[in-house]
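Novice: target_20.cif is the file, holding mmCIF, C-alpha atoms:
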data_query
#
loop_
_atom_site.label_atom_id
_atom_site.label_comp_id
_atom_site.auth_asym_id
_atom_site.auth_seq_id
_atom_site.Cartn_x
_atom_site.Cartn_y
_atom_site.Cartn_z
CA MET A 30 35.38 68.78 -116.67
CA PHE A 31 38.80 70.39 -117.18
CA SER A 32 40.52 67.50 -115.39
CA GLU A 33 39.33 65.19 -118.19
CA TRP A 34 40.82 67.57 -120.74
CA GLY A 35 43.97 67.60 -118.64
CA GLN A 36 44.36 63.91 -119.46
CA VAL A 37 44.00 64.76 -123.15
CA GLY A 38 46.69 67.38 -122.70
CA LEU A 39 48.95 64.81 -121.01
CA LEU A 40 48.41 62.38 -123.90
CA LEU A 41 49.21 65.19 -126.36
CA ALA A 42 52.41 66.03 -124.51
CA LEU A 43 53.49 62.36 -124.54
CA ALA A 44 52.54 61.99 -128.22
CA LEU A 45 54.75 64.97 -129.04
CA PHE A 46 57.56 63.84 -126.74
CA PHE A 47 58.04 60.35 -128.23
CA PRO A 48 58.83 61.24 -131.89
CA ILE A 49 60.67 64.47 -131.02
CA GLY A 50 62.59 62.74 -128.22
CA GLY A 51 63.75 59.94 -130.55
CA VAL A 52 65.01 62.30 -133.24
CA ALA A 53 66.58 64.65 -130.71
CA THR A 54 68.38 61.81 -128.91
CA SER A 55 69.73 60.47 -132.21
CA TRP A 56 70.96 63.95 -133.16
CA LEU A 57 72.51 64.51 -129.75
CA PHE A 58 74.31 61.13 -129.78
CA GLY A 59 75.55 61.96 -133.28
CA ARG A 60 76.99 65.24 -132.07
CA LEU A 61 78.64 63.54 -129.09
CA GLY A 62 80.07 60.82 -131.33
CA LEU A 63 78.27 58.09 -129.38
CA ARG A 64 76.43 56.58 -132.36
CA PRO A 65 78.04 55.23 -135.56
CA ASP A 66 77.64 57.44 -138.65
CA ARG A 67 77.99 55.40 -141.87
CA PRO A 68 75.56 56.77 -144.48
CA ASN A 69 75.18 55.11 -147.88
CA PRO A 70 72.91 55.86 -150.88
CA VAL A 71 70.51 52.97 -150.14
CA LYS A 72 70.14 54.00 -146.51
CA GLU A 73 69.40 57.60 -147.47
CA ASP A 74 66.79 56.65 -150.05
CA THR A 75 63.28 58.06 -149.59
CA TYR A 76 61.65 54.64 -149.26
CA GLU A 77 63.04 51.52 -147.66
CA CYS A 78 61.44 49.17 -150.18
CA GLY A 79 59.30 49.17 -153.32
CA MET A 80 59.90 51.15 -156.51
CA THR A 81 62.82 53.55 -156.69
CA THR A 82 61.59 57.14 -156.73
CA GLU A 83 61.83 58.93 -160.04
CA GLY A 84 61.85 62.59 -160.98
CA PRO A 85 61.31 65.60 -158.70
CA THR A 86 59.06 65.52 -155.65
CA TRP A 87 56.91 68.34 -156.94
CA VAL A 88 54.78 67.48 -159.93
CA GLN A 89 51.63 69.29 -160.92
CA PHE A 90 48.55 67.12 -160.33
CA ASN A 91 45.51 66.98 -162.58
CA ILE A 92 42.89 69.59 -161.66
CA ARG A 93 40.21 66.88 -161.71
CA TYR A 94 41.48 65.48 -158.41
CA TYR A 95 40.30 68.71 -156.76
CA ILE A 96 36.73 67.41 -156.71
CA PHE A 97 37.67 64.82 -154.09
CA ALA A 98 39.01 67.54 -151.79
CA LEU A 99 35.89 69.64 -152.32
CA LEU A 100 33.54 66.71 -151.69
CA PHE A 101 35.52 65.79 -148.58
CA VAL A 102 34.97 69.29 -147.18
CA ILE A 103 31.24 69.17 -148.00
CA PHE A 104 30.65 65.84 -146.27
CA ASP A 105 32.84 66.96 -143.37
CA VAL A 106 30.48 69.90 -142.88
CA GLU A 107 27.54 67.46 -143.03
CA VAL A 108 29.10 65.49 -140.15
CA VAL A 109 29.33 68.71 -138.13
CA PHE A 110 25.55 69.11 -138.51
CA LEU A 111 24.90 65.48 -137.51
CA PHE A 112 27.07 65.64 -134.37
CA PRO A 113 24.79 67.88 -132.27
CA TRP A 114 21.79 65.80 -133.35
CA ALA A 115 23.47 62.63 -132.08
CA THR A 116 24.11 64.19 -128.66
CA SER A 117 20.52 65.45 -128.29
CA LEU A 118 18.91 62.33 -129.78
CA GLU A 119 16.47 61.62 -126.93
CA ARG A 120 15.26 65.17 -126.50
CA VAL A 121 14.46 65.90 -130.16
CA ALA A 122 12.73 62.51 -130.63
CA VAL A 123 10.88 61.57 -133.84
CA ALA A 124 10.58 65.11 -135.19
CA GLY A 125 14.35 65.45 -135.01
CA LEU A 126 14.81 62.14 -136.80
CA VAL A 127 12.53 63.27 -139.66
CA GLU A 128 14.38 66.59 -139.94
CA VAL A 129 17.79 64.95 -140.01
CA PHE A 130 16.51 62.36 -142.51
CA THR A 131 15.41 65.20 -144.84
CA PHE A 132 18.82 66.83 -144.41
CA VAL A 133 20.67 63.63 -145.31
CA VAL A 134 18.36 62.79 -148.24
CA VAL A 135 19.03 66.20 -149.86
CA LEU A 136 22.77 65.51 -149.71
CA LEU A 137 22.24 61.93 -150.84
CA LEU A 138 20.54 63.27 -154.00
CA GLY A 139 23.70 65.23 -154.74
CA LEU A 140 25.87 62.16 -154.14
CA ILE A 141 23.71 60.02 -156.46
CA TYR A 142 23.92 62.75 -159.13
CA LEU A 143 27.73 62.84 -158.85
CA TRP A 144 27.91 59.04 -158.96
CA ARG A 145 25.70 58.83 -162.06
CA LYS A 146 27.70 61.57 -163.74
CA GLY A 147 30.92 59.62 -163.14
CA ALA A 148 32.53 62.41 -161.13
CA LEU A 149 33.70 59.91 -158.51
CA GLU A 150 35.74 57.84 -161.00
CA TRP A 151 39.44 57.80 -160.13
CA LEU A 152 41.54 58.86 -163.09
CA MET B 4 39.96 80.41 -115.83
CA THR B 5 41.03 80.04 -112.25
CA GLY B 6 43.39 77.13 -111.67
CA VAL B 7 47.13 77.20 -112.31
CA GLY B 8 46.77 74.36 -114.84
CA GLU B 9 44.28 76.33 -116.89
CA VAL B 10 46.41 79.46 -116.94
CA ALA B 11 49.45 77.38 -117.94
CA ALA B 12 47.39 75.62 -120.63
CA PHE B 13 46.23 79.00 -121.95
CA TRP B 14 49.77 80.33 -122.32
CA ILE B 15 51.05 77.11 -123.91
CA LEU B 16 48.16 77.08 -126.39
CA ALA B 17 48.51 80.80 -127.10
CA THR B 18 52.23 80.29 -127.79
CA ILE B 19 51.49 77.39 -130.15
CA THR B 20 48.79 79.38 -131.96
CA VAL B 21 50.73 82.62 -132.40
CA GLY B 22 54.07 80.85 -133.00
CA SER B 23 52.59 78.71 -135.78
CA ALA B 24 50.93 81.79 -137.30
CA VAL B 25 54.31 83.59 -137.36
CA VAL B 26 55.85 80.55 -139.09
CA VAL B 27 53.03 80.66 -141.69
CA ALA B 28 53.88 84.28 -142.45
CA LEU B 29 57.67 83.85 -142.52
CA VAL B 30 58.33 80.44 -144.09
CA ARG B 31 59.16 80.44 -147.82
CA ASP B 32 57.68 77.06 -148.76
CA LEU B 33 53.88 77.02 -149.09
CA VAL B 34 53.48 73.37 -148.00
CA ARG B 35 55.40 74.08 -144.79
CA ALA B 36 53.20 77.14 -144.31
CA VAL B 37 50.09 74.93 -144.52
CA VAL B 38 51.52 72.47 -141.97
CA ALA B 39 52.26 75.37 -139.61
CA LEU B 40 48.72 76.64 -140.23
CA VAL B 41 47.37 73.29 -139.00
CA GLY B 42 49.35 73.84 -135.79
CA SER B 43 47.73 77.24 -135.42
CA PHE B 44 44.25 75.76 -136.02
CA LEU B 45 44.86 73.07 -133.38
CA GLY B 46 46.01 75.73 -130.91
CA VAL B 47 42.78 77.65 -131.49
CA ALA B 48 40.83 74.40 -130.91
CA GLY B 49 42.60 74.05 -127.55
CA LEU B 50 41.66 77.63 -126.68
CA PHE B 51 38.02 76.82 -127.51
CA ILE B 52 38.18 73.92 -125.02
CA LEU B 53 39.51 76.32 -122.37
CA LEU B 54 36.45 78.49 -123.09
CA SER B 55 34.32 75.35 -122.45
CA ALA B 56 33.10 75.34 -126.06
CA GLU B 57 33.93 71.72 -126.81
CA PHE B 58 31.67 71.45 -129.82
CA LEU B 59 33.35 74.43 -131.43
CA ALA B 60 36.72 72.80 -130.69
CA VAL B 61 35.65 69.58 -132.44
CA VAL B 62 34.40 71.60 -135.42
CA GLN B 63 37.68 73.50 -135.49
CA VAL B 64 39.68 70.26 -135.65
CA LEU B 65 37.31 68.55 -138.08
CA ILE B 66 36.77 71.42 -140.53
CA TYR B 67 39.82 73.67 -140.26
CA ALA B 68 42.66 71.35 -139.23
CA GLY B 69 41.15 68.42 -141.18
CA ALA B 70 39.36 69.66 -144.28
CA ILE B 71 40.44 73.24 -145.05
CA SER B 72 44.13 72.33 -144.76
CA ILE B 73 43.59 69.34 -147.10
CA LEU B 74 41.92 71.72 -149.56
CA MET B 75 44.96 74.01 -149.36
CA VAL B 76 47.41 71.12 -149.88
CA PHE B 77 45.40 70.04 -152.93
CA ALA B 78 45.40 73.61 -154.26
CA ILE B 79 49.21 73.74 -153.88
CA ALA B 80 49.67 70.31 -155.53
CA LEU B 81 47.55 71.48 -158.48
CA THR B 82 49.60 74.65 -158.97
CA PRO B 83 52.77 74.80 -161.09
CA ARG B 84 56.02 75.04 -159.11
CA SER B 85 56.59 78.70 -160.01
CA ALA B 86 53.44 79.82 -158.18
CA ARG B 87 54.24 77.90 -154.99
CA ASP B 88 56.81 80.28 -153.59
CA ASN B 89 55.62 82.26 -150.58
CA ALA B 90 57.79 85.16 -151.70
CA GLU B 91 58.26 88.55 -150.07
CA THR B 92 56.04 91.31 -151.34
CA ALA B 93 56.05 95.09 -151.05
CA MET B 94 52.95 94.78 -148.87
CA ARG B 95 54.72 93.10 -145.94
CA TRP B 96 55.13 96.25 -143.82
CA LEU B 97 51.53 97.23 -144.51
CA ALA B 98 50.46 93.72 -143.52
CA LEU B 99 52.52 93.95 -140.32
CA ALA B 100 50.96 97.32 -139.46
CA LEU B 101 47.49 95.92 -140.12
CA ALA B 102 48.18 92.86 -137.95
CA LEU B 103 49.46 95.04 -135.08
CA ALA B 104 46.42 97.33 -135.38
CA MET B 105 44.20 94.23 -135.21
CA VAL B 106 46.01 92.98 -132.08
CA GLY B 107 45.54 96.40 -130.46
CA LEU B 108 41.84 96.44 -131.35
CA LEU B 109 41.26 92.91 -129.98
CA ILE B 110 43.08 93.68 -126.70
CA ALA B 111 41.09 96.91 -126.35
CA VAL B 112 37.76 95.11 -126.94
CA ALA B 113 38.69 92.27 -124.56
CA THR B 114 39.56 94.67 -121.73
CA VAL B 115 36.77 97.23 -122.24
CA THR B 116 33.86 94.78 -122.67
CA GLU B 117 31.96 93.84 -119.52
CA TRP B 118 31.77 90.06 -119.78
CA GLY B 119 28.63 88.39 -118.41
CA PRO B 120 28.54 85.54 -115.87
CA GLN B 121 28.50 82.95 -118.71
CA ALA B 122 31.96 84.06 -119.79
CA LYS B 123 33.31 83.46 -116.28
CA GLU B 124 31.60 80.18 -115.43
CA GLY B 125 31.52 78.49 -118.83
CA PHE B 126 28.82 76.34 -120.40
CA GLN B 127 27.56 72.83 -119.85
CA GLU B 128 26.97 70.39 -122.70
CA THR B 129 27.26 72.72 -125.67
CA ALA B 130 26.79 70.05 -128.36
CA SER B 131 23.39 68.78 -127.22
CA ALA B 132 22.13 72.34 -126.64
CA ILE B 133 23.14 73.24 -130.20
CA GLY B 134 21.47 70.07 -131.48
CA GLU B 135 18.22 70.91 -129.73
CA ALA B 136 18.28 74.50 -131.01
CA LEU B 137 19.02 73.33 -134.58
CA LEU B 138 16.20 70.80 -134.66
CA ASN B 139 13.52 72.84 -132.86
CA ARG B 140 13.88 76.56 -133.21
CA TYR B 141 16.26 76.77 -136.17
CA VAL B 142 14.98 73.87 -138.23
CA LEU B 143 14.50 75.97 -141.39
CA PRO B 144 18.12 77.25 -141.47
CA PHE B 145 19.17 73.65 -140.76
CA GLU B 146 17.39 72.34 -143.86
CA VAL B 147 18.54 75.33 -145.92
CA ALA B 148 22.11 74.38 -144.94
CA SER B 149 21.64 70.99 -146.61
CA VAL B 150 20.44 72.71 -149.79
CA LEU B 151 23.46 75.02 -149.60
CA LEU B 152 25.76 71.99 -149.30
CA LEU B 153 23.98 70.42 -152.29
CA ALA B 154 24.60 73.61 -154.29
CA ALA B 155 28.27 73.51 -153.26
CA MET B 156 28.47 69.89 -154.43
CA LEU B 157 26.98 70.71 -157.83
CA GLY B 158 29.17 73.80 -158.09
CA ALA B 159 32.23 71.64 -157.42
CA VAL B 160 31.38 69.19 -160.20
CA VAL B 161 30.65 72.00 -162.67
CA MET B 162 33.90 73.74 -161.80
CA VAL B 163 36.14 70.68 -162.03
CA ARG B 164 34.56 68.81 -164.95
CA GLU B 165 34.02 70.70 -168.17
CA ASP B 166 32.12 67.98 -170.08
#
As structure tokens - that is how I would like this structure written.

Specialist:
Amino acid sequence: MFSEWGQVGLLLALALFFPIGGVATSWLFGRLGLRPDRPNPVKEDTYECGMTTEGPTWVQFNIRYYIFALLFVIFDVEVVFLFPWATSLERVAVAGLVEVFTFVVVLLLGLIYLWRKGALEWL
Amino acid sequence: MTGVGEVAAFWILATITVGSAVVVALVRDLVRAVVALVGSFLGVAGLFILLSAEFLAVVQVLIYAGAISILMVFAIALTPRSARDNAETAMRWLALALALAMVGLLIAVATVTEWGPQAKEGFQETASAIGEALLNRYVLPFEVASVLLLAAMLGAVVMVRED
């Protein structure tokens, strides 16, 4: 079992190596004078294309956006409850299906309530 | 934990976890602290995998690294700039003493406790075992959890919307 996770670890190591390696190589070549260094305002802009950025990076957001974060956490927790059901699907059979259906319907009621109340409207 | 690879993985993951936690405590910018906290959460998820608790590891990534950190980033984005500074406080030495006392307690418990055979050999298929337990023996707490989530949902809408 651990050998399979070893492959995940290898993938993780490679995924970390590629971005860090690129930046580190660029920095190292810069220090050694091997790469050209000609910065200009356009090159150092935050975005390559699109609208020019305006004002400071930190603005205070409307508190009403917080509901999306809260709902995300709630449905994330729901997924955690559905995961073990999906892996034991055959052993819990029809009774399990009914129980999970009840679980989802209760949460669905809440979602319908929020939808009707307009809490999911983007500002 | 027997093989060299597992011992190496443990030390790498422990370094990531504790190192990120130290960054969380020391860094001055709250957003950077949250990013470092995600690193710490992911390290703990890796440690859960080493303990052969894969389901717990998935939950750790999904809930803590995924959702709780998002909640924190939102909370920071909703706060005025003045309150975002992770400034030094007079409590820092007390906090350090408390953290060291906690480390001592955990090491003492880990060495004194007589761990059963399960702790040495690990588990098989944790997710499906949890699923079976949830849907047979613990079906009432399972359904109560959905009601609790519903209450949290309604609480969220009441808290955020005043109309």

Novice: Please check the contacts: residues of chain A at most 6 Å away from chain B, using only C-alpha atoms, listed as a PyMOL selection string.

Specialist: chain A and resi 89-90+92-93+98+102+113-114+116-117+125+132+136+139

Novice: Could you turn the residues from that selection into a file that holds C-alpha atoms, as a PDB file, in the coordinates of the input?

Specialist:
ATOM      1  CA  GLN A  89      51.630  69.290-160.920  1.00  0.00           C
ATOM      2  CA  PHE A  90      48.550  67.120-160.330  1.00  0.00           C
ATOM      3  CA  ILE A  92      42.890  69.590-161.660  1.00  0.00           C
ATOM      4  CA  ARG A  93      40.210  66.880-161.710  1.00  0.00           C
ATOM      5  CA  ALA A  98      39.010  67.540-151.790  1.00  0.00           C
ATOM      6  CA  VAL A 102      34.970  69.290-147.180  1.00  0.00           C
ATOM      7  CA  PRO A 113      24.790  67.880-132.270  1.00  0.00           C
ATOM      8  CA  TRP A 114      21.790  65.800-133.350  1.00  0.00           C
ATOM      9  CA  THR A 116      24.110  64.190-128.660  1.00  0.00           C
ATOM     10  CA  SER A 117      20.520  65.450-128.290  1.00  0.00           C
ATOM     11  CA  GLY A 125      14.350  65.450-135.010  1.00  0.00           C
ATOM     12  CA  PHE A 132      18.820  66.830-144.410  1.00  0.00           C
ATOM     13  CA  LEU A 136      22.770  65.510-149.710  1.00  0.00           C
ATOM     14  CA  GLY A 139      23.700  65.230-154.740  1.00  0.00           C
TER      15      GLY A 139
END

Novice: Using the chain letters and numbers from the file, give me the residues hit by the PyMOL selection byres ((chain B and resi 35) around 12), as JSON, numbers by chain.

Specialist: {"B": [23, 24, 26, 27, 28, 29, 30, 31, 32, 33, 34, 36, 37, 38, 39, 40, 41, 42, 72, 75, 76, 79, 87, 88, 89]}

Novice: Go ahead and save the picked residues with C-alpha atoms, as a compact mmCIF listing (two decimals), in the coordinates of the input.

Specialist:
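As written to disk, out.txt reads:
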# COMPACT_ATOMS: atom_id res chain seq x y z
CA SER B 23 52.59 78.71 -135.78
CA ALA B 24 50.93 81.79 -137.30
CA VAL B 26 55.85 80.55 -139.09
CA VAL B 27 53.03 80.66 -141.69
CA ALA B 28 53.88 84.28 -142.45
CA LEU B 29 57.67 83.85 -142.52
CA VAL B 30 58.33 80.44 -144.09
CA ARG B 31 59.16 80.44 -147.82
CA ASP B 32 57.68 77.06 -148.76
CA LEU B 33 53.88 77.02 -149.09
CA VAL B 34 53.48 73.37 -148.00
CA ALA B 36 53.20 77.14 -144.31
CA VAL B 37 50.09 74.93 -144.52
CA VAL B 38 51.52 72.47 -141.97
CA ALA B 39 52.26 75.37 -139.61
CA LEU B 40 48.72 76.64 -140.23
CA VAL B 41 47.37 73.29 -139.00
CA GLY B 42 49.35 73.84 -135.79
CA SER B 72 44.13 72.33 -144.76
CA MET B 75 44.96 74.01 -149.36
CA VAL B 76 47.41 71.12 -149.88
CA ILE B 79 49.21 73.74 -153.88
CA ARG B 87 54.24 77.90 -154.99
CA ASP B 88 56.81 80.28 -153.59
CA ASN B 89 55.62 82.26 -150.58

Novice: What are the closest atom pairs, with distances in Å to one decimal, for all residues of range 6-97 of chain B lying within 12 Å of range 102-117 of chain B? Consider only C-alpha atoms, order rows by chain and residue number, and present the result as CSV.

Specialist:
residue,atom,partner,partner_atom,distance
B:Val21,CA,B:Val106,CA,11.4
B:Ala24,CA,B:Ala102,CA,11.4
B:Val25,CA,B:Ala102,CA,11.1
B:Ala28,CA,B:Ala102,CA,11.2
B:Arg95,CA,B:Ala102,CA,10.3
B:Trp96,CA,B:Ala102,CA,9.7
B:Leu97,CA,B:Ala102,CA,8.6

Novice: So the first atom is CA of Asp105 in chain A and the second is CA of Val135 in chain A; what is the distance between them in Å, to one decimal place?

Specialist: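 Calculated distance between CA of Asp105 in chain A and CA of Val135 in chain A is 15.3 Å.
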
Novice: Can you tell me how far CA of Leu118 in chain A sits from CA of Gly38 in chain A, in Å to one decimal?

Specialist: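 Between CA of Leu118 in chain A and CA of Gly38 in chain A the gap works out to 29.1 Å.
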
Novice: Counting only C-alpha atoms, which of A:Ala53, A:Leu45, A:Cys78, A:Leu100 gets nearest to Trp144 in chain A?

Specialist: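 So, comparing all the options, the nearest one is A:Leu100.
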
Novice: Rounded to one decimal, what separation in Å do you get between CA of Ile19 in chain B and CA of Phe110 in chain A?

Specialist: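 Between CA of Ile19 in chain B and CA of Phe110 in chain A the gap works out to 28.5 Å.
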
Novice: Padding 5 Å on every side, please: axis-aligned box over the listed atoms of range 118-130 of chain A, centre and edge lengths to one decimal in Å, as lines of an AutoDock Vina configuration file.

Specialist:
center_x = 14.7
center_y = 64.1
center_z = -134.5
size_x = 18.3
size_y = 15.0
size_z = 26.0
